[in-house]
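Trainee: Take this structure first; my questions come after.
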There are 2 protein chains.
Amino acid sequence: MTTTTPQPTATDLPDGGLHIQRIGALDFETGGHLPEAEIAYETWGRLNAEKSNAVLVLHALTGSTHVAASSGDPEEGWWEGVVGPGCAIDTNTWFVIAPNILGGCYGSTGPSSLDPEGAPWGSRFPFTTIRDSVHAEARLADALGIERFQAVIGGSMGGARALEWAAAYPERVAGMAVIACGAHSTAEQIAFAQAQVQSITLDPNFRGGDYYPGPTPDGGLGIARKIAHITYRSEPDMVSRFGRAAQPEENPFGEPARRQGRYQVESYLDYQAAKLVKRFDANSYLVLTEALMSHDVSRGRGTEAEVLGSIQVTPFIAAVESDRLYFPGQSQELARQLPGDVPVHMIDSPIGHDGFLTDLDQVAAEMTRVLGL
Amino acid sequence: MTTTTPQPTATDLPDGGLHIQRIGALDFETGGHLPEAEIAYETWGRLNAEKSNAVLVLHALTGSTHVAASSGDPEEGWWEGVVGPGCAIDTNTWFVIAPNILGGCYGSTGPSSLDPEGAPWGSRFPFTTIRDSVHAEARLADALGIERFQAVIGGSMGGARALEWAAAYPERVAGMAVIACGAHSTAEQIAFAQAQVQSITLDPNFRGGDYYPGPTPDGGLGIARKIAHITYRSEPDMVSRFGRAAQPEENPFGEPARRQGRYQVESYLDYQAAKLVKRFDANSYLVLTEALMSHDVSRGRGTEAEVLGSIQVTPFIAAVESDRLYFPGQSQELARQLPGDVPVHMIDSPIGHDGFLTDLDQVAAEMTRVLGL
């Protein structure tokens, strides 16, 4: 459900459903420019008159504004059970706002959006950093009259954005939750990201990024998703679920020439890829992947120790035990450099990085206690 | 240096240099057929009159026959220092033979080879399993008059071939060294392999595999190599070598639109990809990757415990401590199922899977002791 006119006032937003906020012209960190940008968002709960009960929840790479089911959109969200009346983030008290990231494809201005002449931005969409996305979110907060958030909360790329919020707008954030994400993207994360970006650009349908409204680079985006999905899951999870079983009614050893039959794990990854390709724009995937590669809270601000050491925002740091993309060690490195004695709360899930989505409940109560929610 | 006529007798082969052996028509495991196949190989040392001093050394996925420098080819080999006069595998005593795998592109019949009509096999090259490759190597041994090897030795895909030799031809092998490889390819290995295969087939130059003599699918093969290379190296290795430094004279934050400047780790992976693309055929990469996915010593032979429990060949099992593709746990699982109390010898290298190439010297003396070399 999309509402643009009339725009409800911030204190009167219904639960769920997509709202679109114009945030004006945007100048990007590396020189790009948009003459006009919009940020899409969903909300839960009611903003109080003092506008002092707002909580910002930030999604991961291919996430959306839909954190949890609501009267406006009953579909299950990606942190279902975490946000809602009586939930860890209790929307009887707190007003939760979840924006779609700048460059995304869930309502905010992105490469598939139209320029003032009515043509999709495509390859002309500006190179976007995590800082640019946070800057756009601050504009959204301005538009809603929210000067300060009680907490900014996110996992994976959402965690990168939460940390960047604390560094860029310390006066506007009381607390941050940085979950399954460190202070910067590592060589390993950049390496896997490069393979994904190049898979997309290799697809003949990509056409340099200007493929609208023609056929979309589904093959390349699908491969990117597969690479990513493997890294989001632990090796024991993959091995215990699929072993080397053949997909039912297929035989990987069936053909005398090129193999057609698949192993079950291949069918599973094909399915994951097909699901993403249906719901996500390849250019957005590319722009956001590069934004995630850019994540480095200390860039241009001093050493990482200096920058993290001066963060006064109340921190809540968590990691997934079995994460092999955002290793717990990175969260520990982040926590160690923050002022005071900051613990890393461990999510005890065997599935890997995705545990930040599936098993947040393990640390949610502690998170809301630390952040005063 | 390639010699085909006159074929020297097996007891009179010079050190190094590529020899080609015709092995006749081949029927493949899943129904494919070649009317005539050849296996390329290099040798070191002299085959004795009894032909009882032969050792088979088997290369990994993109390896070649060139295990070590020799008078016939002075270039450094992939196990330089392991094979040679006075080396762990002492060629003053032992006759070492290293074949190029069936389906490869270092002299053995592969997809880029010509059919009897003079056209490259391309997409018509038969689906090849590890068993097919071992079958072809047994034909080579037949042609050279070698009934039994003192040892069959390999790492990674070479290890899969060594294990398959022991299972398929137990009477022809006294000992096996299976290094950095388990009893079967896992869901994880298959998953990463699928992404690589699909990167190649996505490349518009691939043309279903029939790209000869046109432009080659370098982009897809390059991405495949990058994915593989990441998995061949440990995360700490990548992170400690490259961090998130920019490539000198490039700036990942330099452009207002699509990013051109690279991180150092990207440049490194581009370099690895470019090196492979120059030396390797994409169809061979695809065929051999699928062969490696097929690795399963127990397929059609009984349970893995039964098959491994009945292997009478003297085993030497080794793994790389930091390997995150062929986890040491898989080598342990393999060793546990072999008869007797079989230890797993650990290569203590921080770099990951590639440690089987760079640091074999740590276990080479023990390997030759166990295998009676």
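Naming scheme: A, B, ... for chains in displayed order of the structure tokens; residues 1 onward per chain; ligands 1 onward as shown.
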Find the residues of chain B in contact range of chain A, meaning any atom within 7 Å when counting only C-alpha atoms, and list them as a VMD selection string.

Mentor: chain B and resid 30 to 32 123 to 127 186 to 188 191 194 to 195 199 202 to 204 219 223 226 to 227 235 238 to 239 242 to 244 253 to 259 265 to 266

Trainee: So which residues of region 123-236 of chain A fall under helix (DSSP H, G or I) by DSSP, listed as a CSV table (one decimal) with N, CA and C atoms, in the first residue's frame?

Mentor:
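For reference, states.csv as written:
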```csv
chain,number,residue,atom,x,y,z
A,123,SER,N,22.6,3.4,-15.3
A,123,SER,CA,24.1,3.6,-15.1
A,123,SER,C,24.4,5.0,-14.6
A,124,ARG,N,23.5,5.9,-14.7
A,124,ARG,CA,23.8,7.3,-14.2
A,124,ARG,C,23.5,7.5,-12.7
A,130,ILE,N,27.8,4.1,2.2
A,130,ILE,CA,26.9,4.0,3.4
A,130,ILE,C,26.6,5.4,4.0
A,131,ARG,N,27.6,6.2,3.9
A,131,ARG,CA,27.4,7.6,4.4
A,131,ARG,C,26.3,8.3,3.7
A,132,ASP,N,26.3,8.1,2.4
A,132,ASP,CA,25.2,8.8,1.6
A,132,ASP,C,23.8,8.3,2.0
A,133,SER,N,23.8,7.0,2.3
A,133,SER,CA,22.5,6.4,2.7
A,133,SER,C,22.0,7.0,4.0
A,134,VAL,N,23.0,7.1,5.0
A,134,VAL,CA,22.6,7.7,6.3
A,134,VAL,C,22.3,9.1,6.2
A,135,HIS,N,23.0,9.8,5.3
A,135,HIS,CA,22.7,11.2,5.1
A,135,HIS,C,21.2,11.4,4.6
A,136,ALA,N,20.8,10.5,3.7
A,136,ALA,CA,19.4,10.6,3.2
A,136,ALA,C,18.4,10.2,4.3
A,137,GLU,N,18.8,9.3,5.2
A,137,GLU,CA,17.9,8.9,6.3
A,137,GLU,C,17.8,10.1,7.3
A,138,ALA,N,18.8,10.8,7.4
A,138,ALA,CA,18.8,12.0,8.3
A,138,ALA,C,17.8,13.1,7.7
A,139,ARG,N,17.8,13.2,6.4
A,139,ARG,CA,16.9,14.1,5.8
A,139,ARG,C,15.4,13.6,6.0
A,140,LEU,N,15.2,12.3,6.0
A,140,LEU,CA,13.9,11.8,6.3
A,140,LEU,C,13.5,12.1,7.7
A,141,ALA,N,14.4,11.9,8.6
A,141,ALA,CA,14.1,12.3,10.0
A,141,ALA,C,13.8,13.8,10.2
A,142,ASP,N,14.5,14.6,9.5
A,142,ASP,CA,14.2,16.0,9.4
A,142,ASP,C,12.8,16.3,9.0
A,143,ALA,N,12.4,15.6,7.9
A,143,ALA,CA,11.1,15.8,7.3
A,143,ALA,C,10.0,15.4,8.3
A,144,LEU,N,10.3,14.4,9.1
A,144,LEU,CA,9.3,13.9,10.1
A,144,LEU,C,9.4,14.6,11.4
A,157,MET,N,24.4,-5.0,6.7
A,157,MET,CA,24.5,-3.7,6.2
A,157,MET,C,23.7,-2.7,7.0
A,158,GLY,N,22.6,-3.2,7.7
A,158,GLY,CA,21.9,-2.3,8.6
A,158,GLY,C,22.7,-1.9,9.8
A,159,GLY,N,23.6,-2.8,10.2
A,159,GLY,CA,24.5,-2.5,11.3
A,159,GLY,C,25.6,-1.5,10.9
A,160,ALA,N,26.0,-1.6,9.6
A,160,ALA,CA,27.0,-0.6,9.1
A,160,ALA,C,26.3,0.7,9.1
A,161,ARG,N,25.1,0.8,8.7
A,161,ARG,CA,24.3,2.1,8.7
A,161,ARG,C,24.1,2.6,10.1
A,162,ALA,N,23.8,1.7,11.1
A,162,ALA,CA,23.6,2.1,12.5
A,162,ALA,C,24.9,2.8,13.0
A,163,LEU,N,26.0,2.1,12.7
A,163,LEU,CA,27.3,2.6,13.2
A,163,LEU,C,27.7,3.9,12.6
A,164,GLU,N,27.4,4.0,11.3
A,164,GLU,CA,27.6,5.3,10.6
A,164,GLU,C,26.7,6.4,11.1
A,165,TRP,N,25.5,6.1,11.5
A,165,TRP,CA,24.6,7.1,12.1
A,165,TRP,C,25.3,7.6,13.4
A,166,ALA,N,25.8,6.7,14.2
A,166,ALA,CA,26.4,7.1,15.5
A,166,ALA,C,27.6,8.0,15.3
A,167,ALA,N,28.4,7.8,14.2
A,167,ALA,CA,29.6,8.5,13.9
A,167,ALA,C,29.3,9.9,13.2
A,168,ALA,N,28.3,9.9,12.4
A,168,ALA,CA,28.0,11.1,11.6
A,168,ALA,C,27.0,12.0,12.3
A,170,PRO,N,26.1,12.0,16.0
A,170,PRO,CA,26.1,11.6,17.4
A,170,PRO,C,25.1,12.3,18.2
A,171,GLU,N,24.7,13.5,17.9
A,171,GLU,CA,23.8,14.2,18.7
A,171,GLU,C,22.3,13.8,18.4
A,172,ARG,N,22.1,13.0,17.4
A,172,ARG,CA,20.8,12.6,17.0
A,172,ARG,C,20.5,11.1,17.3
A,187,ALA,N,38.8,-7.2,3.5
A,187,ALA,CA,39.2,-7.7,2.2
A,187,ALA,C,38.4,-8.9,1.7
A,188,GLU,N,38.1,-9.8,2.7
A,188,GLU,CA,37.3,-10.9,2.4
A,188,GLU,C,35.9,-10.6,1.9
A,189,GLN,N,35.3,-9.6,2.6
A,189,GLN,CA,33.9,-9.2,2.2
A,189,GLN,C,34.0,-8.5,0.8
A,190,ILE,N,35.0,-7.7,0.6
A,190,ILE,CA,35.2,-7.0,-0.7
A,190,ILE,C,35.4,-8.0,-1.8
A,191,ALA,N,36.2,-9.0,-1.5
A,191,ALA,CA,36.5,-10.0,-2.5
A,191,ALA,C,35.2,-10.8,-3.0
A,192,PHE,N,34.4,-11.2,-2.0
A,192,PHE,CA,33.2,-11.9,-2.4
A,192,PHE,C,32.2,-10.9,-3.1
A,193,ALA,N,32.3,-9.7,-2.7
A,193,ALA,CA,31.4,-8.6,-3.3
A,193,ALA,C,31.8,-8.4,-4.8
A,194,GLN,N,33.1,-8.4,-5.0
A,194,GLN,CA,33.6,-8.1,-6.4
A,194,GLN,C,33.1,-9.2,-7.4
A,195,ALA,N,33.2,-10.4,-6.9
A,195,ALA,CA,32.7,-11.5,-7.8
A,195,ALA,C,31.2,-11.4,-8.1
A,196,GLN,N,30.5,-10.9,-7.1
A,196,GLN,CA,29.0,-10.7,-7.3
A,196,GLN,C,28.8,-9.5,-8.3
A,197,VAL,N,29.4,-8.4,-8.1
A,197,VAL,CA,29.3,-7.3,-9.0
A,197,VAL,C,29.6,-7.7,-10.4
A,198,GLN,N,30.7,-8.4,-10.6
A,198,GLN,CA,31.2,-8.8,-11.9
A,198,GLN,C,30.2,-9.8,-12.6
A,199,SER,N,29.6,-10.6,-11.8
A,199,SER,CA,28.6,-11.6,-12.3
A,199,SER,C,27.5,-10.8,-13.0
A,200,ILE,N,27.0,-9.7,-12.3
A,200,ILE,CA,25.9,-8.9,-12.8
A,200,ILE,C,26.4,-8.2,-14.1
A,201,THR,N,27.6,-7.6,-14.1
A,201,THR,CA,28.0,-6.8,-15.2
A,201,THR,C,28.3,-7.7,-16.4
A,202,LEU,N,28.6,-8.9,-16.1
A,202,LEU,CA,29.0,-9.9,-17.2
A,202,LEU,C,27.7,-10.3,-18.0
A,207,ARG,N,23.8,-4.6,-20.2
A,207,ARG,CA,24.0,-3.5,-21.1
A,207,ARG,C,24.5,-2.2,-20.3
A,208,GLY,N,25.5,-2.4,-19.6
A,208,GLY,CA,26.1,-1.3,-18.9
A,208,GLY,C,25.3,-0.7,-17.8
A,209,GLY,N,24.2,-1.3,-17.5
A,209,GLY,CA,23.3,-0.8,-16.4
A,209,GLY,C,22.0,-0.2,-17.0
A,218,ASP,N,19.0,-11.4,-15.2
A,218,ASP,CA,18.7,-12.3,-14.1
A,218,ASP,C,19.8,-13.4,-13.9
A,219,GLY,N,20.4,-13.8,-14.9
A,219,GLY,CA,21.5,-14.8,-14.8
A,219,GLY,C,22.6,-14.3,-13.8
A,220,GLY,N,23.0,-13.1,-14.1
A,220,GLY,CA,24.1,-12.5,-13.3
A,220,GLY,C,23.7,-12.2,-11.9
A,221,LEU,N,22.5,-11.7,-11.8
A,221,LEU,CA,22.0,-11.4,-10.4
A,221,LEU,C,21.8,-12.7,-9.6
A,222,GLY,N,21.4,-13.7,-10.3
A,222,GLY,CA,21.2,-15.0,-9.7
A,222,GLY,C,22.5,-15.6,-9.2
A,223,ILE,N,23.5,-15.5,-10.0
A,223,ILE,CA,24.9,-16.0,-9.5
A,223,ILE,C,25.3,-15.2,-8.3
A,224,ALA,N,25.2,-13.8,-8.4
A,224,ALA,CA,25.5,-13.0,-7.3
A,224,ALA,C,24.8,-13.4,-6.0
A,225,ARG,N,23.6,-13.7,-6.1
A,225,ARG,CA,22.8,-14.1,-5.0
A,225,ARG,C,23.3,-15.5,-4.4
A,226,LYS,N,23.7,-16.4,-5.3
A,226,LYS,CA,24.2,-17.7,-4.9
A,226,LYS,C,25.5,-17.5,-4.1
A,227,ILE,N,26.4,-16.8,-4.7
A,227,ILE,CA,27.6,-16.5,-4.0
A,227,ILE,C,27.3,-16.0,-2.6
A,228,ALA,N,26.5,-15.0,-2.6
A,228,ALA,CA,26.2,-14.3,-1.3
A,228,ALA,C,25.5,-15.3,-0.3
A,229,HIS,N,24.6,-16.1,-0.9
A,229,HIS,CA,23.8,-17.0,0.0
A,229,HIS,C,24.7,-18.0,0.7
A,230,ILE,N,25.7,-18.5,-0.1
A,230,ILE,CA,26.6,-19.5,0.5
A,230,ILE,C,27.3,-18.8,1.7
A,231,THR,N,27.8,-17.6,1.5
A,231,THR,CA,28.5,-16.9,2.6
A,231,THR,C,27.6,-16.5,3.7
A,232,TYR,N,26.3,-16.5,3.5
A,232,TYR,CA,25.3,-16.2,4.6
A,232,TYR,C,25.0,-17.4,5.4
A,235,GLU,N,29.1,-23.6,6.6
A,235,GLU,CA,29.4,-24.8,5.9
A,235,GLU,C,28.7,-26.0,6.6
A,236,PRO,N,28.7,-26.2,7.9
A,236,PRO,CA,27.9,-27.3,8.5
A,236,PRO,C,26.4,-27.3,8.1
```

Trainee: From region 10-177 of chain B, collect each residue whose DSSP state is strand (DSSP E) and return the set as an mmCIF file with N, CA, C and O atoms, in the first residue's frame.

Mentor:
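What ended up in result.cif:
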```cif
data_model
loop_
_atom_site.group_PDB
_atom_site.id
_atom_site.type_symbol
_atom_site.label_atom_id
_atom_site.label_comp_id
_atom_site.auth_asym_id
_atom_site.auth_seq_id
_atom_site.Cartn_x
_atom_site.Cartn_y
_atom_site.Cartn_z
ATOM 1 N N LEU B 18 56.890 -32.881 -22.294
ATOM 2 C CA LEU B 18 55.572 -33.490 -22.403
ATOM 3 C C LEU B 18 55.583 -34.653 -23.386
ATOM 4 O O LEU B 18 56.037 -34.507 -24.517
ATOM 5 N N HIS B 19 55.094 -35.795 -22.958
ATOM 6 C CA HIS B 19 54.904 -36.942 -23.838
ATOM 7 C C HIS B 19 53.414 -37.181 -23.994
ATOM 8 O O HIS B 19 52.639 -36.889 -23.087
ATOM 9 N N ILE B 20 53.052 -37.709 -25.145
ATOM 10 C CA ILE B 20 51.633 -37.956 -25.412
ATOM 11 C C ILE B 20 51.438 -39.441 -25.664
ATOM 12 O O ILE B 20 52.151 -40.030 -26.470
ATOM 13 N N GLN B 21 50.491 -40.033 -24.970
ATOM 14 C CA GLN B 21 50.215 -41.455 -25.148
ATOM 15 C C GLN B 21 48.787 -41.644 -25.640
ATOM 16 O O GLN B 21 47.847 -41.189 -25.004
ATOM 17 N N ARG B 22 48.653 -42.339 -26.762
ATOM 18 C CA ARG B 22 47.311 -42.712 -27.212
ATOM 19 C C ARG B 22 46.786 -43.843 -26.340
ATOM 20 O O ARG B 22 47.515 -44.791 -26.066
ATOM 21 N N ILE B 23 45.531 -43.715 -25.933
ATOM 22 C CA ILE B 23 44.979 -44.772 -25.067
ATOM 23 C C ILE B 23 43.729 -45.409 -25.683
ATOM 24 O O ILE B 23 42.987 -46.128 -25.012
ATOM 25 N N GLY B 24 43.464 -45.116 -26.934
ATOM 26 C CA GLY B 24 42.357 -45.772 -27.639
ATOM 27 C C GLY B 24 41.010 -45.144 -27.357
ATOM 28 O O GLY B 24 40.917 -44.039 -26.822
ATOM 29 N N ALA B 25 39.968 -45.870 -27.720
ATOM 30 C CA ALA B 25 38.598 -45.375 -27.510
ATOM 31 C C ALA B 25 38.246 -45.426 -26.033
ATOM 32 O O ALA B 25 38.722 -46.296 -25.304
ATOM 33 N N LEU B 26 37.427 -44.479 -25.599
ATOM 34 C CA LEU B 26 37.041 -44.421 -24.179
ATOM 35 C C LEU B 26 35.528 -44.373 -24.034
ATOM 36 O O LEU B 26 34.866 -43.561 -24.687
ATOM 37 N N ASP B 27 35.011 -45.247 -23.164
ATOM 38 C CA ASP B 27 33.607 -45.136 -22.755
ATOM 39 C C ASP B 27 33.557 -44.490 -21.385
ATOM 40 O O ASP B 27 34.262 -44.909 -20.475
ATOM 41 N N HIS B 33 31.342 -41.077 -25.017
ATOM 42 C CA HIS B 33 32.292 -41.915 -25.754
ATOM 43 C C HIS B 33 33.258 -41.030 -26.538
ATOM 44 O O HIS B 33 32.859 -40.023 -27.114
ATOM 45 N N LEU B 34 34.532 -41.398 -26.519
ATOM 46 C CA LEU B 34 35.511 -40.771 -27.411
ATOM 47 C C LEU B 34 36.115 -41.883 -28.268
ATOM 48 O O LEU B 34 36.536 -42.905 -27.729
ATOM 49 N N PRO B 35 36.164 -41.689 -29.568
ATOM 50 C CA PRO B 35 36.708 -42.734 -30.445
ATOM 51 C C PRO B 35 38.209 -42.922 -30.262
ATOM 52 O O PRO B 35 38.755 -43.980 -30.590
ATOM 53 N N GLU B 36 38.851 -41.908 -29.717
ATOM 54 C CA GLU B 36 40.300 -41.982 -29.513
ATOM 55 C C GLU B 36 40.676 -40.922 -28.490
ATOM 56 O O GLU B 36 40.228 -39.787 -28.607
ATOM 57 N N ALA B 37 41.452 -41.315 -27.503
ATOM 58 C CA ALA B 37 41.881 -40.328 -26.501
ATOM 59 C C ALA B 37 43.384 -40.414 -26.295
ATOM 60 O O ALA B 37 44.010 -41.449 -26.551
ATOM 61 N N GLU B 38 43.941 -39.315 -25.837
ATOM 62 C CA GLU B 38 45.361 -39.261 -25.528
ATOM 63 C C GLU B 38 45.548 -38.723 -24.116
ATOM 64 O O GLU B 38 44.769 -37.892 -23.653
ATOM 65 N N ILE B 39 46.573 -39.202 -23.459
ATOM 66 C CA ILE B 39 46.939 -38.656 -22.154
ATOM 67 C C ILE B 39 48.367 -38.130 -22.254
ATOM 68 O O ILE B 39 49.278 -38.842 -22.683
ATOM 69 N N ALA B 40 48.496 -36.863 -21.859
ATOM 70 C CA ALA B 40 49.830 -36.254 -21.827
ATOM 71 C C ALA B 40 50.443 -36.496 -20.462
ATOM 72 O O ALA B 40 49.722 -36.577 -19.458
ATOM 73 N N TYR B 41 51.741 -36.604 -20.416
ATOM 74 C CA TYR B 41 52.388 -36.824 -19.118
ATOM 75 C C TYR B 41 53.837 -36.376 -19.163
ATOM 76 O O TYR B 41 54.439 -36.265 -20.229
ATOM 77 N N GLU B 42 54.359 -36.112 -17.972
ATOM 78 C CA GLU B 42 55.800 -35.885 -17.795
ATOM 79 C C GLU B 42 56.332 -36.961 -16.868
ATOM 80 O O GLU B 42 55.575 -37.533 -16.076
ATOM 81 N N THR B 43 57.622 -37.198 -16.943
ATOM 82 C CA THR B 43 58.243 -38.173 -16.029
ATOM 83 C C THR B 43 59.545 -37.625 -15.467
ATOM 84 O O THR B 43 60.160 -36.736 -16.053
ATOM 85 N N TRP B 44 59.920 -38.186 -14.335
ATOM 86 C CA TRP B 44 61.196 -37.869 -13.680
ATOM 87 C C TRP B 44 61.804 -39.204 -13.209
ATOM 88 O O TRP B 44 61.071 -40.080 -12.747
ATOM 89 N N ALA B 54 57.508 -47.267 -9.947
ATOM 90 C CA ALA B 54 56.725 -46.141 -10.469
ATOM 91 C C ALA B 54 55.851 -45.498 -9.394
ATOM 92 O O ALA B 54 55.274 -46.172 -8.541
ATOM 93 N N VAL B 55 55.786 -44.185 -9.445
ATOM 94 C CA VAL B 55 54.950 -43.377 -8.544
ATOM 95 C C VAL B 55 54.117 -42.439 -9.415
ATOM 96 O O VAL B 55 54.644 -41.792 -10.320
ATOM 97 N N LEU B 56 52.817 -42.411 -9.144
ATOM 98 C CA LEU B 56 51.921 -41.560 -9.923
ATOM 99 C C LEU B 56 51.614 -40.308 -9.104
ATOM 100 O O LEU B 56 51.151 -40.408 -7.966
ATOM 101 N N VAL B 57 51.854 -39.143 -9.694
ATOM 102 C CA VAL B 57 51.548 -37.884 -9.006
ATOM 103 C C VAL B 57 50.470 -37.157 -9.801
ATOM 104 O O VAL B 57 50.623 -36.938 -11.010
ATOM 105 N N LEU B 58 49.377 -36.803 -9.112
ATOM 106 C CA LEU B 58 48.181 -36.301 -9.793
ATOM 107 C C LEU B 58 47.893 -34.850 -9.407
ATOM 108 O O LEU B 58 47.871 -34.508 -8.222
ATOM 109 N N VAL B 83 59.663 -33.499 -5.777
ATOM 110 C CA VAL B 83 60.044 -34.547 -6.726
ATOM 111 C C VAL B 83 61.368 -34.166 -7.380
ATOM 112 O O VAL B 83 61.490 -33.063 -7.930
ATOM 113 N N GLY B 84 62.356 -35.045 -7.324
ATOM 114 C CA GLY B 84 63.650 -34.774 -7.969
ATOM 115 C C GLY B 84 64.742 -35.584 -7.304
ATOM 116 O O GLY B 84 64.495 -36.253 -6.284
ATOM 117 N N ILE B 89 60.486 -37.322 -2.741
ATOM 118 C CA ILE B 89 60.293 -38.407 -3.714
ATOM 119 C C ILE B 89 61.527 -38.392 -4.601
ATOM 120 O O ILE B 89 61.636 -37.633 -5.561
ATOM 121 N N ASP B 90 62.471 -39.246 -4.220
ATOM 122 C CA ASP B 90 63.823 -39.194 -4.791
ATOM 123 C C ASP B 90 63.846 -39.903 -6.142
ATOM 124 O O ASP B 90 63.705 -41.125 -6.219
ATOM 125 N N PHE B 95 60.601 -43.633 -10.167
ATOM 126 C CA PHE B 95 60.186 -43.127 -11.473
ATOM 127 C C PHE B 95 58.829 -42.463 -11.289
ATOM 128 O O PHE B 95 57.838 -43.130 -10.980
ATOM 129 N N VAL B 96 58.810 -41.152 -11.415
ATOM 130 C CA VAL B 96 57.584 -40.401 -11.169
ATOM 131 C C VAL B 96 56.913 -40.059 -12.493
ATOM 132 O O VAL B 96 57.567 -39.573 -13.423
ATOM 133 N N ILE B 97 55.631 -40.297 -12.533
ATOM 134 C CA ILE B 97 54.885 -39.978 -13.746
ATOM 135 C C ILE B 97 53.685 -39.114 -13.364
ATOM 136 O O ILE B 97 52.956 -39.418 -12.418
ATOM 137 N N ALA B 98 53.526 -38.007 -14.085
ATOM 138 C CA ALA B 98 52.448 -37.051 -13.793
ATOM 139 C C ALA B 98 51.623 -36.818 -15.049
ATOM 140 O O ALA B 98 52.071 -36.131 -15.970
ATOM 141 N N PRO B 99 50.434 -37.421 -15.103
ATOM 142 C CA PRO B 99 49.586 -37.238 -16.293
ATOM 143 C C PRO B 99 48.728 -35.988 -16.175
ATOM 144 O O PRO B 99 48.360 -35.578 -15.081
ATOM 145 N N ALA B 151 53.072 -45.873 -5.246
ATOM 146 C CA ALA B 151 52.180 -44.904 -4.604
ATOM 147 C C ALA B 151 51.478 -44.064 -5.661
ATOM 148 O O ALA B 151 52.016 -43.802 -6.731
ATOM 149 N N VAL B 152 50.245 -43.665 -5.326
ATOM 150 C CA VAL B 152 49.515 -42.667 -6.100
ATOM 151 C C VAL B 152 49.276 -41.503 -5.159
ATOM 152 O O VAL B 152 48.723 -41.684 -4.062
ATOM 153 N N ILE B 153 49.719 -40.331 -5.578
ATOM 154 C CA ILE B 153 49.806 -39.181 -4.668
ATOM 155 C C ILE B 153 49.132 -37.971 -5.296
ATOM 156 O O ILE B 153 49.381 -37.646 -6.459
ATOM 157 N N GLY B 154 48.281 -37.299 -4.520
ATOM 158 C CA GLY B 154 47.696 -36.068 -5.046
ATOM 159 C C GLY B 154 47.069 -35.226 -3.961
ATOM 160 O O GLY B 154 46.713 -35.710 -2.881
ATOM 161 N N GLY B 155 46.915 -33.947 -4.255
ATOM 162 C CA GLY B 155 46.245 -33.017 -3.348
ATOM 163 C C GLY B 155 45.030 -32.432 -4.027
ATOM 164 O O GLY B 155 44.981 -32.314 -5.255
ATOM 165 N N GLY B 175 50.311 -47.846 -2.246
ATOM 166 C CA GLY B 175 49.994 -46.798 -1.268
ATOM 167 C C GLY B 175 49.330 -45.601 -1.930
ATOM 168 O O GLY B 175 49.460 -45.392 -3.136
ATOM 169 N N MET B 176 48.600 -44.856 -1.123
ATOM 170 C CA MET B 176 47.969 -43.629 -1.655
ATOM 171 C C MET B 176 48.208 -42.487 -0.681
ATOM 172 O O MET B 176 48.194 -42.673 0.528
ATOM 173 N N ALA B 177 48.407 -41.285 -1.248
ATOM 174 C CA ALA B 177 48.434 -40.072 -0.422
ATOM 175 C C ALA B 177 47.275 -39.203 -0.863
ATOM 176 O O ALA B 177 47.208 -38.779 -2.024
#
```

Trainee: Kindly give the distance, in Å, that separates CA of Ser64 (chain B) and CA of Trp79 (chain B), rounded to a single decimal.

Mentor: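 That distance, rounded to one decimal, is 10.8 Å.
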
Trainee: Choose the residue, out of B:Glu366, B:Asp12, B:Glu147, B:Glu76, that has the smallest atom-to-atom separation from Ala174 (chain B); count only C-alpha atoms.

Mentor: B:Glu147

Trainee: Can you measure CA of Pro350 (chain B) to CA of Val320 (chain B) for me? One decimal in Å is fine.

Mentor: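 Interatomic distance, CA of Pro350 (chain B) to CA of Val320 (chain B): 8.5 Å.
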
Trainee: Name all residues at most 7 Å from Glu321 (chain B) (count only C-alpha atoms; drop same-chain ones fewer than 3 positions away) and give them as a list in words.

Mentor: Pro328, Met346, Ile347, Asp348 and Ser349 of chain B

Trainee: Report, in Å with one decimal, the straight-line distance from CA of Leu338 (chain A) to CA of Ser298 (chain A).

Mentor: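 Computing it gives 12.6 Å between the two atoms.
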
Trainee: If we count only C-alpha atoms, what is near region 332-335 of chain A at a cut-off of 8 Å, once residues fewer than 6 positions away on the same chain are taken out, given as a PyMOL selection string?

Mentor: chain A and resi 182-183+308+317+341-344

Trainee: Dump N, CA and C atoms for the selected residues as a CSV table (one decimal), in the first residue's frame?

Mentor:
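Okay, result13.csv is ready:
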```csv
chain,number,residue,atom,x,y,z
A,182,GLY,N,31.1,-5.3,11.5
A,182,GLY,CA,32.2,-4.7,12.1
A,182,GLY,C,32.3,-3.2,11.8
A,183,ALA,N,33.5,-2.6,12.0
A,183,ALA,CA,33.7,-1.2,11.8
A,183,ALA,C,34.0,-0.9,10.4
A,308,LEU,N,36.2,5.3,16.8
A,308,LEU,CA,35.4,4.5,17.7
A,308,LEU,C,35.5,4.9,19.2
A,317,ILE,N,26.4,-4.4,20.9
A,317,ILE,CA,27.1,-5.1,19.8
A,317,ILE,C,26.8,-6.6,19.9
A,341,ASP,N,33.8,-0.8,28.6
A,341,ASP,CA,34.0,-2.2,28.5
A,341,ASP,C,32.7,-2.8,27.8
A,342,VAL,N,32.8,-2.9,26.5
A,342,VAL,CA,31.6,-3.2,25.7
A,342,VAL,C,31.5,-4.7,25.4
A,343,PRO,N,30.5,-5.4,25.9
A,343,PRO,CA,30.5,-6.9,25.5
A,343,PRO,C,30.0,-7.1,24.1
A,344,VAL,N,30.3,-8.2,23.6
A,344,VAL,CA,29.7,-8.7,22.3
A,344,VAL,C,28.7,-9.8,22.7
```
